[in-house]
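Here the structure is laid out as structure tokens; the discussion comes afterwards.
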Amino acid sequence: MRTWAKASTPAALLAVAVMSFGGSGTALADTSGDASVGGGNQVDLPISLPIDISGNSVAAIGSSEASSQGGAEVVNNRGGGGNPNRTSGNASILGGNQVDAPISAPVNACGNAVSLIGRSDAGCKGGAEVRHQGRGNTGGNRTSGDASILGGNQVDAPISAPINACGNAVAIFGGATAGCKGGATVKNSGKGGPGGNRTSGRASILGGNQVVAPISAPINICGNSVAVVGRAFSGCKGGSSVTNGGPKRGYHHGGHVGSRGNDTDGRFGVGSGNQVVAPISLPINVCGNAVGNATAG
């Protein structure tokens, strides 16, 4: 297996030319579990899991060339800290707990070439990226589980999982050329997000709990070629992206959404005053793929 990760091959660049003809931190969480049983606990577990499989070539009988520029990346650049959640579980049983687990898992599989009998050329520029900027996304939640049973708990688990599979070539009998520019990206910036929720579960049973789980999972599958008998030629430019942010704005490309600043009250209730905030952004891009004796851009 050969891995090239410097410059795109001429064949891959030619495939890209075809398409032109077409169109970190999460600190500052305060909580209290005074006189409680299993209350007022915090779990701060940000997870970054970039996976990059690119620029690989495999040839059995024939030749294969592969190159990639880019990869899978997570960038955390939050100037003002992360999620300043506040909660209290005083005199409670399993109340006022916090779980803060933002998950960033970009997966990039591009610029790979496999040739059994024939020739395959593959190249890609870009990849799968998660970028966090500004002051965080889901911070500012406040809740209380005082004198409750399983009340006033918080789960803050934003998930960013862009998947990029582009510029891959497979040749069985014939030739396959593939190239792509772009990828799958998630950008979280500014002060936005579904933060600022307030709720109370004091003296309740299973009341005043919060679950904040925005999910951004753009999927990009483009510029891939598979040649069985003949020649396949494909290229794409662009990809799939989600942009969340803007000062005092929410998700869905910086627009105002109804998931910011929700207030509820579950005091003295049973299973009341709970919140689930789960905006989902799932753009899927499938374009510029060629199978058989075909050309796509």
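We label chains A, B, ... in the order they appear in the structure tokens, count residues from 1 in each chain, and number ligands from 1 in the order shown.
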Quick one: everything within 9 Å of Ser92 of chain A, counting only C-alpha atoms, minus sequence neighbours fewer than 2 positions away in the same chain. Send it as a compact mmCIF listing (two decimals) with C-alpha atoms, in the first residue's frame.
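Final output, part10.txt:
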# COMPACT_ATOMS: atom_id res chain seq x y z
CA GLY A 33 -25.24 18.42 46.19
CA ASP A 34 -25.34 19.41 49.87
CA ALA A 35 -27.09 16.84 52.09
CA SER A 36 -27.97 14.74 49.07
CA VAL A 37 -27.66 11.09 48.07
CA GLY A 38 -25.84 10.83 44.74
CA GLY A 39 -26.65 14.46 43.91
CA GLY A 40 -24.70 17.43 42.58
CA GLY A 89 -29.20 19.04 44.03
CA ASN A 90 -29.28 20.01 47.70
CA LEU A 94 -29.81 11.65 42.52
CA GLY A 95 -30.70 15.25 41.75
CA GLY A 96 -28.77 18.19 40.35
CA GLY A 145 -33.20 19.77 41.81
CA ASP A 146 -33.27 20.73 45.50
CA ALA A 147 -35.16 18.29 47.73
CA SER A 148 -36.10 16.23 44.68
CA ILE A 149 -35.89 12.63 43.56
CA LEU A 150 -34.09 12.44 40.20
CA GLY A 151 -34.89 16.08 39.51
CA ARG A 202 -37.32 21.47 43.28
CA ALA A 203 -39.27 19.15 45.55
Residues within 8 Å of segment 163-173 of chain A, please, as a ChimeraX atom specification. Count only C-alpha atoms; anything in the same chain fewer than 3 positions from it doesn't count. /A:12,106-124,127-128,176-180,183-184,217-230,235
Kindly save the residues from that selection, with C-alpha atoms included, as a tab-separated table (two decimals), in the first residue's frame.
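Generated output (again-v1.tsv):
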chain	number	residue	atom	x	y	z
A	12	ALA	CA	-7.32	13.64	-10.29
A	106	PRO	CA	-15.35	13.81	11.74
A	107	VAL	CA	-14.78	10.87	9.38
A	108	ASN	CA	-12.84	11.40	6.16
A	109	ALA	CA	-12.35	8.74	3.47
A	110	CYS	CA	-11.08	10.33	0.26
A	111	GLY	CA	-8.40	10.09	-2.38
A	112	ASN	CA	-8.15	6.31	-2.22
A	113	ALA	CA	-7.45	4.12	-5.30
A	114	VAL	CA	-7.99	0.39	-5.74
A	115	SER	CA	-7.06	-1.42	-8.95
A	116	LEU	CA	-7.48	-5.13	-9.60
A	117	ILE	CA	-6.96	-5.31	-13.37
A	118	GLY	CA	-6.61	-1.88	-14.89
A	119	ARG	CA	-5.69	1.59	-13.69
A	120	SER	CA	-7.16	3.83	-11.04
A	121	ASP	CA	-6.28	7.43	-10.18
A	122	ALA	CA	-7.77	9.23	-7.18
A	123	GLY	CA	-7.25	12.59	-5.55
A	124	CYS	CA	-9.04	14.85	-3.10
A	127	GLY	CA	-11.90	16.57	4.18
A	128	ALA	CA	-14.13	16.29	7.23
A	176	ALA	CA	-11.27	4.78	-13.06
A	177	THR	CA	-10.40	8.41	-12.38
A	178	ALA	CA	-11.88	10.39	-9.51
A	179	GLY	CA	-11.29	13.80	-7.98
A	180	CYS	CA	-13.08	16.08	-5.54
A	183	GLY	CA	-15.88	17.95	1.91
A	184	ALA	CA	-18.18	17.78	4.91
A	217	ALA	CA	-24.14	15.39	10.70
A	218	PRO	CA	-23.50	16.52	7.12
A	219	ILE	CA	-22.78	13.65	4.73
A	220	ASN	CA	-20.85	14.20	1.51
A	221	ILE	CA	-20.51	11.44	-1.10
A	222	CYS	CA	-19.25	12.84	-4.38
A	223	GLY	CA	-16.64	12.49	-7.09
A	224	ASN	CA	-16.29	8.72	-6.77
A	225	SER	CA	-15.65	6.38	-9.74
A	226	VAL	CA	-16.17	2.64	-10.09
A	227	ALA	CA	-15.16	0.99	-13.41
A	228	VAL	CA	-16.12	-2.65	-13.96
A	229	VAL	CA	-15.76	-2.90	-17.75
A	230	GLY	CA	-14.85	0.37	-19.43
A	235	GLY	CA	-15.32	14.95	-10.33
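Atom pair atom CA of Leu206 of chain A / atom CA of Asp30 of chain A has a distance of 20.7 Å (rounded to one decimal).
Using only C-alpha atoms, the smallest distance between any of A:Gly152, A:Pro158, A:Pro46, A:Gly174 and Ser64 of chain A comes from A:Gly174.
Residues in contact with Arg86 of chain A at 7 Å, where only C-alpha atoms are counted and same-chain residues fewer than 3 positions away are skipped, are listed as Ala29, Asp30, Thr31, Asn141, Arg142 and Thr143 of chain A.
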Prev. selection, C-alpha atoms, output as a PDB file, in the first residue's frame:
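As a result, again23.pdb now contains:
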ATOM      1  CA  ALA A  29     -20.167  24.418  35.436  1.00  0.00           C
ATOM      2  CA  ASP A  30     -21.374  25.049  39.020  1.00  0.00           C
ATOM      3  CA  THR A  31     -23.465  22.609  41.013  1.00  0.00           C
ATOM      4  CA  ASN A 141     -28.397  26.304  31.281  1.00  0.00           C
ATOM      5  CA  ARG A 142     -29.694  26.678  34.841  1.00  0.00           C
ATOM      6  CA  THR A 143     -31.762  24.222  36.779  1.00  0.00           C
TER       7      THR A 143
END
Skipping near chain neighbours, those fewer than 3 positions away, what residues fall within 7 Å of Ser281 of chain A using only C-alpha atoms, listed as a short mmCIF file (atom, residue, chain, number, x, y, z; two decimals) with all heavy atoms, in the first residue's frame?
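Result file selection_1.cif:
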data_model
loop_
_atom_site.label_atom_id
_atom_site.label_comp_id
_atom_site.auth_asym_id
_atom_site.auth_seq_id
_atom_site.Cartn_x
_atom_site.Cartn_y
_atom_site.Cartn_z
N ILE A 215 -27.66 17.98 17.01
CA ILE A 215 -26.91 17.03 16.18
C ILE A 215 -26.66 17.65 14.80
O ILE A 215 -27.59 18.06 14.13
CB ILE A 215 -27.68 15.71 16.03
CG1 ILE A 215 -27.91 15.06 17.40
CG2 ILE A 215 -26.92 14.74 15.11
CD1 ILE A 215 -28.79 13.83 17.34
N SER A 216 -25.41 17.72 14.42
CA SER A 216 -25.02 18.20 13.09
C SER A 216 -24.23 17.09 12.42
O SER A 216 -23.13 16.74 12.86
CB SER A 216 -24.17 19.47 13.20
OG SER A 216 -24.88 20.51 13.85
N ALA A 217 -24.78 16.54 11.35
CA ALA A 217 -24.14 15.39 10.70
C ALA A 217 -24.24 15.52 9.18
O ALA A 217 -25.00 14.79 8.53
CB ALA A 217 -24.77 14.09 11.18
N VAL A 242 -22.74 22.32 7.59
CA VAL A 242 -23.68 22.89 8.56
C VAL A 242 -22.98 24.05 9.24
O VAL A 242 -21.86 23.88 9.74
CB VAL A 242 -24.12 21.86 9.61
CG1 VAL A 242 -25.01 22.51 10.67
CG2 VAL A 242 -24.86 20.70 8.96
N HIS A 252 -29.11 26.18 12.57
CA HIS A 252 -29.62 26.24 11.21
C HIS A 252 -29.14 27.50 10.51
O HIS A 252 -29.88 28.44 10.27
CB HIS A 252 -31.15 26.17 11.20
CG HIS A 252 -31.67 24.94 11.87
ND1 HIS A 252 -31.51 23.68 11.35
CD2 HIS A 252 -32.33 24.77 13.04
CE1 HIS A 252 -32.07 22.80 12.15
NE2 HIS A 252 -32.56 23.42 13.19
#
